[in-house]
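Enquirer: Input structure: structure-v1.cif, which contains mmCIF, C-alpha atoms and all ligand atoms.
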```cif
data_final
loop_
_atom_site.label_atom_id
_atom_site.label_comp_id
_atom_site.auth_asym_id
_atom_site.auth_seq_id
_atom_site.Cartn_x
_atom_site.Cartn_y
_atom_site.Cartn_z
CA MET A 797 10.51 -33.64 -19.81
CA LEU A 798 9.90 -29.94 -20.03
CA SER A 799 8.23 -29.96 -16.63
CA MET A 800 11.23 -31.81 -15.23
CA ILE A 801 13.54 -29.10 -16.55
CA LYS A 802 11.27 -26.44 -15.12
CA LYS A 803 11.32 -28.23 -11.81
CA ILE A 804 15.10 -28.37 -11.79
CA ILE A 805 15.35 -24.68 -12.64
CA LEU A 806 12.92 -23.89 -9.86
CA VAL A 807 14.86 -25.93 -7.32
CA PHE A 808 18.01 -24.08 -8.27
CA SER A 809 16.43 -20.67 -8.15
CA ILE A 810 14.91 -21.45 -4.77
CA ALA A 811 18.13 -22.96 -3.44
CA SER A 812 20.04 -19.83 -4.44
CA SER A 813 17.44 -17.63 -2.81
CA VAL A 814 17.91 -19.59 0.42
CA VAL A 815 21.58 -18.80 0.34
CA SER A 816 21.03 -15.14 -0.43
CA CYS A 817 18.33 -14.45 2.12
CA THR A 818 19.73 -13.64 5.48
CA LYS A 819 19.21 -10.27 7.01
CA ASN A 820 16.46 -7.82 6.23
CA ALA A 821 18.15 -4.56 5.29
CA VAL A 822 15.66 -2.36 7.15
CA THR A 823 14.81 -4.37 10.26
CA GLY A 824 18.18 -6.12 10.59
CA ARG A 825 16.43 -9.37 11.45
CA SER A 826 17.50 -12.68 9.89
CA GLN A 827 14.74 -14.32 7.93
CA PHE A 828 13.97 -17.83 6.75
CA LYS A 829 12.48 -17.47 3.27
CA LEU A 830 12.32 -20.23 0.71
CA LEU A 831 10.17 -18.61 -1.95
CA PRO A 832 11.29 -16.11 -4.57
CA GLU A 833 9.44 -12.88 -3.78
CA SER A 834 8.76 -12.42 -7.51
CA GLN A 835 6.63 -15.60 -7.50
CA LEU A 836 4.66 -14.31 -4.53
CA GLN A 837 4.17 -10.98 -6.29
CA SER A 838 2.71 -12.59 -9.38
CA MET A 839 0.48 -14.74 -7.22
CA ALA A 840 -0.59 -11.59 -5.37
CA THR A 841 -1.51 -9.89 -8.64
CA SER A 842 -3.89 -12.66 -9.63
CA GLN A 843 -5.30 -13.24 -6.14
CA TYR A 844 -5.87 -9.52 -5.67
CA GLN A 845 -7.78 -9.31 -8.94
CA GLU A 846 -9.81 -12.35 -8.01
CA PHE A 847 -10.60 -10.92 -4.58
CA LEU A 848 -11.67 -7.56 -6.00
CA SER A 849 -13.84 -9.07 -8.70
CA SER A 850 -15.70 -11.15 -6.11
CA SER A 851 -16.03 -8.24 -3.64
CA LYS A 852 -18.01 -5.05 -3.51
CA VAL A 853 -15.34 -2.45 -4.20
CA VAL A 854 -16.24 1.06 -3.06
CA ALA A 855 -15.52 3.59 -5.82
CA SER A 856 -12.91 6.15 -4.76
CA THR A 857 -14.37 8.68 -7.18
CA THR A 858 -17.71 8.92 -5.39
CA ASN A 859 -17.04 7.85 -1.81
CA ARG A 860 -15.03 9.90 0.69
CA ASP A 861 -13.87 6.88 2.70
CA ALA A 862 -12.58 5.13 -0.40
CA GLU A 863 -10.93 8.37 -1.46
CA MET A 864 -9.26 8.52 1.97
CA VAL A 865 -7.96 4.96 1.61
CA SER A 866 -6.37 5.87 -1.74
CA ARG A 867 -4.90 9.09 -0.37
CA VAL A 868 -3.41 7.40 2.70
CA GLY A 869 -2.10 4.54 0.56
CA GLU A 870 -0.36 6.96 -1.80
CA LYS A 871 1.26 8.83 1.10
CA ILE A 872 2.45 5.63 2.80
CA ARG A 873 3.82 4.42 -0.51
CA HIS A 874 5.68 7.70 -1.01
CA ALA A 875 7.11 7.48 2.53
CA VAL A 876 8.29 3.90 2.03
CA GLU A 877 9.81 4.61 -1.38
CA THR A 878 11.57 7.74 -0.14
CA TYR A 879 12.99 5.93 2.87
CA TYR A 880 14.19 2.94 0.84
CA ALA A 881 15.76 5.27 -1.75
CA SER A 882 17.56 7.19 1.00
CA LYS A 883 19.12 3.92 2.21
CA GLY A 884 20.01 2.76 -1.33
CA LEU A 885 17.42 -0.03 -1.04
CA SER A 886 15.03 0.83 -3.88
CA LYS A 887 15.80 -2.54 -5.46
CA GLU A 888 13.95 -4.18 -2.55
CA LEU A 889 10.72 -2.67 -3.86
CA GLU A 890 11.23 -3.89 -7.42
CA GLY A 891 8.07 -5.24 -9.00
CA TYR A 892 5.80 -3.19 -6.75
CA HIS A 893 2.67 -1.83 -8.42
CA TRP A 894 0.79 -0.39 -5.48
CA GLU A 895 -3.00 -0.47 -5.38
CA TYR A 896 -5.43 0.54 -2.65
CA HIS A 897 -9.09 -0.42 -2.43
CA LEU A 898 -11.85 -0.11 0.12
CA VAL A 899 -14.28 -3.05 0.02
CA GLU A 900 -17.72 -3.34 1.51
CA ASN A 901 -17.35 -5.89 4.31
CA ASN A 902 -18.40 -5.77 7.97
CA GLU A 903 -15.27 -7.57 9.09
CA ALA A 904 -12.76 -5.20 10.71
CA ASN A 905 -9.82 -6.12 8.56
CA ALA A 906 -7.12 -4.85 6.23
CA TRP A 907 -4.21 -6.49 4.47
CA CYS A 908 -1.41 -5.94 1.98
CA MET A 909 -0.11 -8.58 -0.42
CA PRO A 910 3.37 -8.57 -1.97
CA GLY A 911 3.72 -5.88 -4.61
CA GLY A 912 1.72 -3.39 -2.54
CA LYS A 913 -1.79 -4.77 -3.13
CA ILE A 914 -3.81 -3.27 -0.30
CA VAL A 915 -7.39 -3.83 0.82
CA VAL A 916 -9.22 -2.07 3.63
CA TYR A 917 -12.62 -3.40 4.74
CA THR A 918 -15.35 -0.90 5.58
CA GLY A 919 -15.77 -2.70 8.94
CA LEU A 920 -12.36 -1.41 10.03
CA LEU A 921 -13.37 2.25 9.80
CA GLN A 922 -15.43 2.12 12.99
CA TYR A 923 -12.12 1.53 14.83
CA THR A 924 -9.86 3.88 12.93
CA GLN A 925 -12.32 6.79 13.00
CA ASN A 926 -9.75 9.25 11.62
CA GLU A 927 -7.24 9.41 8.80
CA ALA A 928 -4.11 9.20 10.99
CA ALA A 929 -5.32 6.00 12.65
CA LEU A 930 -6.10 4.54 9.22
CA ALA A 931 -2.55 5.45 8.17
CA ILE A 932 -1.18 3.57 11.19
CA VAL A 933 -3.14 0.44 10.28
CA MET A 934 -2.16 0.69 6.60
CA GLY A 935 1.46 1.29 7.59
CA HIS A 936 1.26 -1.86 9.69
CA GLU A 937 -0.11 -3.90 6.77
CA VAL A 938 2.41 -2.49 4.31
CA SER A 939 5.18 -3.51 6.72
CA HIS A 940 4.03 -7.16 6.63
CA ALA A 941 4.37 -7.02 2.83
CA ILE A 942 7.65 -5.14 2.40
CA PHE A 943 9.36 -7.11 5.17
CA GLN A 944 8.18 -10.29 3.43
CA HIS A 945 6.51 -11.75 6.50
CA GLY A 946 4.13 -13.74 4.29
CA ASN A 947 7.12 -15.35 2.58
CA GLU A 948 8.45 -16.45 5.97
CA ARG A 949 5.07 -17.80 6.99
CA MET A 950 4.56 -19.69 3.74
CA SER A 951 8.11 -21.02 3.85
CA GLN A 952 7.48 -22.33 7.32
CA ALA A 953 4.18 -23.91 6.32
CA LEU A 954 5.46 -25.43 3.07
CA GLY A 955 8.82 -26.41 4.52
CA ALA A 956 10.72 -28.96 2.49
CA GLN A 957 7.89 -29.06 -0.01
CA ALA A 958 8.76 -25.51 -1.05
CA VAL A 959 12.36 -26.44 -1.69
CA ASP A 960 11.37 -29.54 -3.62
CA LEU A 961 8.61 -28.10 -5.71
CA GLY A 962 8.47 -24.35 -5.58
CA LEU A 963 5.35 -22.29 -5.45
CA GLN A 964 4.34 -22.70 -9.08
CA VAL A 965 4.53 -26.47 -8.96
CA ALA A 966 2.68 -26.51 -5.66
CA LEU A 967 0.05 -24.33 -7.28
CA ALA A 968 -0.27 -26.64 -10.26
CA ASN A 969 -0.50 -29.73 -8.07
CA LYS A 970 -2.65 -28.39 -5.25
CA PRO A 971 -4.22 -25.16 -6.48
CA ALA A 972 -6.84 -24.77 -3.74
CA GLU A 973 -4.54 -25.59 -0.83
CA THR A 974 -1.75 -23.40 -2.10
CA ARG A 975 -4.08 -20.52 -2.78
CA ASN A 976 -5.63 -20.80 0.70
CA LEU A 977 -2.21 -20.96 2.28
CA PHE A 978 -1.22 -17.82 0.40
CA LEU A 979 -4.37 -15.97 1.48
CA GLY A 980 -3.85 -17.15 5.04
CA ALA A 981 -0.25 -15.98 5.02
CA TYR A 982 -1.33 -12.45 4.15
CA GLY A 983 -4.28 -12.18 6.50
CA ALA A 984 -6.79 -12.40 3.65
CA GLY A 985 -7.85 -15.97 4.30
CA ALA A 986 -10.83 -15.47 6.57
CA GLN A 987 -13.23 -16.25 3.75
CA ALA A 988 -11.23 -19.29 2.76
CA GLY A 989 -11.31 -20.41 6.39
CA VAL A 990 -7.55 -20.21 6.71
CA LEU A 991 -6.04 -17.92 9.27
CA LEU A 992 -2.37 -18.28 10.01
CA PRO A 993 -1.79 -16.04 12.97
CA PHE A 994 1.09 -13.63 12.46
CA SER A 995 3.88 -14.33 14.89
CA ARG A 996 4.55 -11.93 17.72
CA LYS A 997 7.82 -10.77 16.17
CA HIS A 998 6.04 -10.02 12.89
CA GLU A 999 3.37 -8.05 14.71
CA LEU A 1000 5.93 -6.04 16.66
CA GLU A 1001 7.90 -5.31 13.50
CA ALA A 1002 4.74 -4.22 11.70
CA ASP A 1003 3.63 -2.08 14.66
CA HIS A 1004 7.07 -0.48 14.95
CA TRP A 1005 7.50 0.40 11.28
CA GLY A 1006 3.83 1.10 10.74
CA LEU A 1007 4.21 4.02 13.12
CA ASN A 1008 7.29 5.21 11.25
CA TRP A 1009 5.65 5.07 7.82
CA ALA A 1010 2.57 6.88 9.10
CA ALA A 1011 4.75 9.57 10.68
CA MET A 1012 6.85 9.97 7.54
CA ALA A 1013 3.62 10.28 5.56
CA GLY A 1014 2.64 13.25 7.73
CA TYR A 1015 0.26 11.52 10.15
CA ASN A 1016 0.47 11.80 13.92
CA PRO A 1017 1.77 8.43 15.17
CA GLY A 1018 0.33 9.25 18.60
CA GLU A 1019 -3.09 8.30 17.22
CA ALA A 1020 -1.96 4.67 17.57
CA ILE A 1021 -2.65 4.72 21.31
CA PRO A 1022 -6.33 5.76 21.23
CA LEU A 1023 -6.76 3.45 18.21
CA TRP A 1024 -5.57 0.49 20.24
CA GLU A 1025 -7.68 1.52 23.19
CA ARG A 1026 -10.72 1.46 20.90
CA ILE A 1027 -9.78 -1.99 19.60
CA GLU A 1028 -9.24 -3.24 23.17
CA LYS A 1029 -12.61 -1.96 24.25
CA ALA A 1030 -14.29 -3.93 21.47
CA GLY A 1031 -13.06 -7.10 23.12
CA GLY A 1032 -13.43 -10.77 22.25
CA GLY A 1033 -14.84 -11.75 18.91
CA GLN A 1034 -15.46 -8.13 17.94
CA ARG A 1035 -11.78 -7.38 17.49
CA PRO A 1036 -10.13 -7.21 14.08
CA PRO A 1037 -8.86 -10.74 13.35
CA GLU A 1038 -5.49 -9.63 12.03
CA PHE A 1039 -4.68 -7.83 15.25
CA LEU A 1040 -5.91 -10.06 18.05
CA SER A 1041 -3.68 -12.96 17.15
CA THR A 1042 -0.56 -13.35 19.15
CA HIS A 1043 0.01 -10.66 21.68
CA PRO A 1044 -0.18 -12.01 25.20
CA SER A 1045 -2.17 -9.02 26.27
CA GLU A 1046 -3.39 -5.98 24.39
CA GLY A 1047 -2.14 -3.67 27.12
CA LYS A 1048 1.36 -4.90 26.41
CA ARG A 1049 0.94 -3.88 22.82
CA ILE A 1050 0.26 -0.31 23.88
CA ASP A 1051 3.39 -0.42 26.10
CA GLN A 1052 5.39 -1.49 23.04
CA LEU A 1053 3.87 1.23 20.89
CA ASN A 1054 4.84 3.79 23.51
CA LYS A 1055 8.41 2.50 23.31
CA TYR A 1056 8.45 2.94 19.52
CA MET A 1057 6.82 6.37 19.70
CA PRO A 1058 9.92 8.60 20.20
CA GLU A 1059 11.50 7.19 17.03
CA ALA A 1060 8.30 7.69 15.04
CA LEU A 1061 7.89 11.24 16.35
CA LYS A 1062 11.31 12.11 14.93
CA TYR A 1063 9.91 11.35 11.49
CA TYR A 1064 6.71 13.29 12.05
CA LYS A 1065 6.47 16.57 10.17
CA PRO A 1066 2.80 17.57 10.45
CA ASN A 1067 2.99 20.42 7.94
CA GLU A 1068 3.87 18.08 5.12
CA GLY A 1069 0.85 15.89 5.78
ZN ZN B 1 -0.30 -7.58 11.62
#
```
Any chance you could give the structure as structure tokens?

Expert:
Amino acid sequence: MLSMIKKIILVFSIASSVVSCTKNAVTGRSQFKLLPESQLQSMATSQYQEFLSSSKVVASTTNRDAEMVSRVGEKIRHAVETYYASKGLSKELEGYHWEYHLVENNEANAWCMPGGKIVVYTGLLQYTQNEAALAIVMGHEVSHAIFQHGNERMSQALGAQAVDLGLQVALANKPAETRNLFLGAYGAGAQAGVLLPFSRKHELEADHWGLNWAAMAGYNPGEAIPLWERIEKAGGGQRPPEFLSTHPSEGKRIDQLNKYMPEALKYYKPNEG
């Protein structure tokens, strides 16, 4: 009986979130999201902990790369919070408890879960090579999280099931599948064997705003171009999995970045970096 009541409450809370979710206040794009972001945040908190405890986390107190990841993360966070506050949108970041960790892993990957739970893999650093390029990648990942791309992807994958059951019920009924879907939706599913490619519009949005956040954080957004040239050169299976997904050609991605560049450069104040 109690579970029935819970189920009904969930259906209502999800139904009302469907009605209320339309346009993203920053990007202006209409979004299809069935899941309450708060549920995804609490799932992120536990999945992040689980990931860290089963990974080799590099200590930021003794390692300069890990220290850099924390520093860049803090600056990106500050840029995002300042921008959202300036637009009266701080409420959008409610429930965020940002964390940044470098983990020992040869895969060239990075991701950010809802609530600002960021991981950078050591394998990515061969591509970033400098702090500004790392900031561009982290800005990209943060954009996926704050624009709730994972919510859209999970909503699409769960479809009617999400409306009927909600995330918590899905988790209780099918813990492994739901967990893998979640990891896949945030680009952290490689180990679980689940990789939902980000859609092209998500990638463009993340590229676009990733440049802006990096610039606002005091990093030269122009570093995005040589970064992408390095990733292109790697080619085929060597490329970071999160980034090779959906763009028709990598060269086109650089064209797009060049289009976004003037806007990002307006935000770039090198002396504050
Ligand atoms: Zn991406």

Enquirer: Quote the spacing between atom CA of Lys1065 of chain A and atom CA of His1004 of chain A in Å to one decimal place.

Expert: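 Computing the Euclidean distance for atom CA of Lys1065 of chain A and atom CA of His1004 of chain A yields 17.7 Å.
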
Enquirer: Rounded to one decimal place, report the atom CA of Val853 of chain A-atom CA of Leu898 of chain A distance in Å.

Expert: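 Those two atoms sit 6.0 Å apart.
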
Enquirer: Just give me the gap between atom CA of Gly1018 of chain A and atom CA of Gln1052 of chain A in Å, one decimal is fine.

Expert: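 Atom CA of Gly1018 of chain A sits 12.7 Å away from atom CA of Gln1052 of chain A.
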
Enquirer: Compare A:Ala941, A:Ala840, A:Val854, A:Leu920 by their minimum atom-to-atom distance to Ala1030 of chain A, counting all atoms listed in the file, and give me the closest one.

Expert: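 The shortest atom-to-atom distance to Ala1030 of chain A comes from A:Leu920.
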
Enquirer: For each of A:Gly946, A:Lys871, A:Ser882, A:Lys852, take the minimum atom-to-atom distance to Thr918 of chain A, counting all atoms listed in the file, then give the residue where this is smallest.

Expert: A:Lys852

Enquirer: For a quick check of understanding, using all atoms listed in the file, which of A:Asp861, A:Glu833, A:Glu1028, A:Glu999 has the smallest distance to Asn926 of chain A?

Expert: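 Result for the nearest residue to Asn926 of chain A: A:Asp861.
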
Enquirer: Determine the nearest neighbour of Met864 of chain A from the options A:Glu877, A:Glu890, A:Glu903, A:Glu927, counting all atoms listed in the file.

Expert: A:Glu927
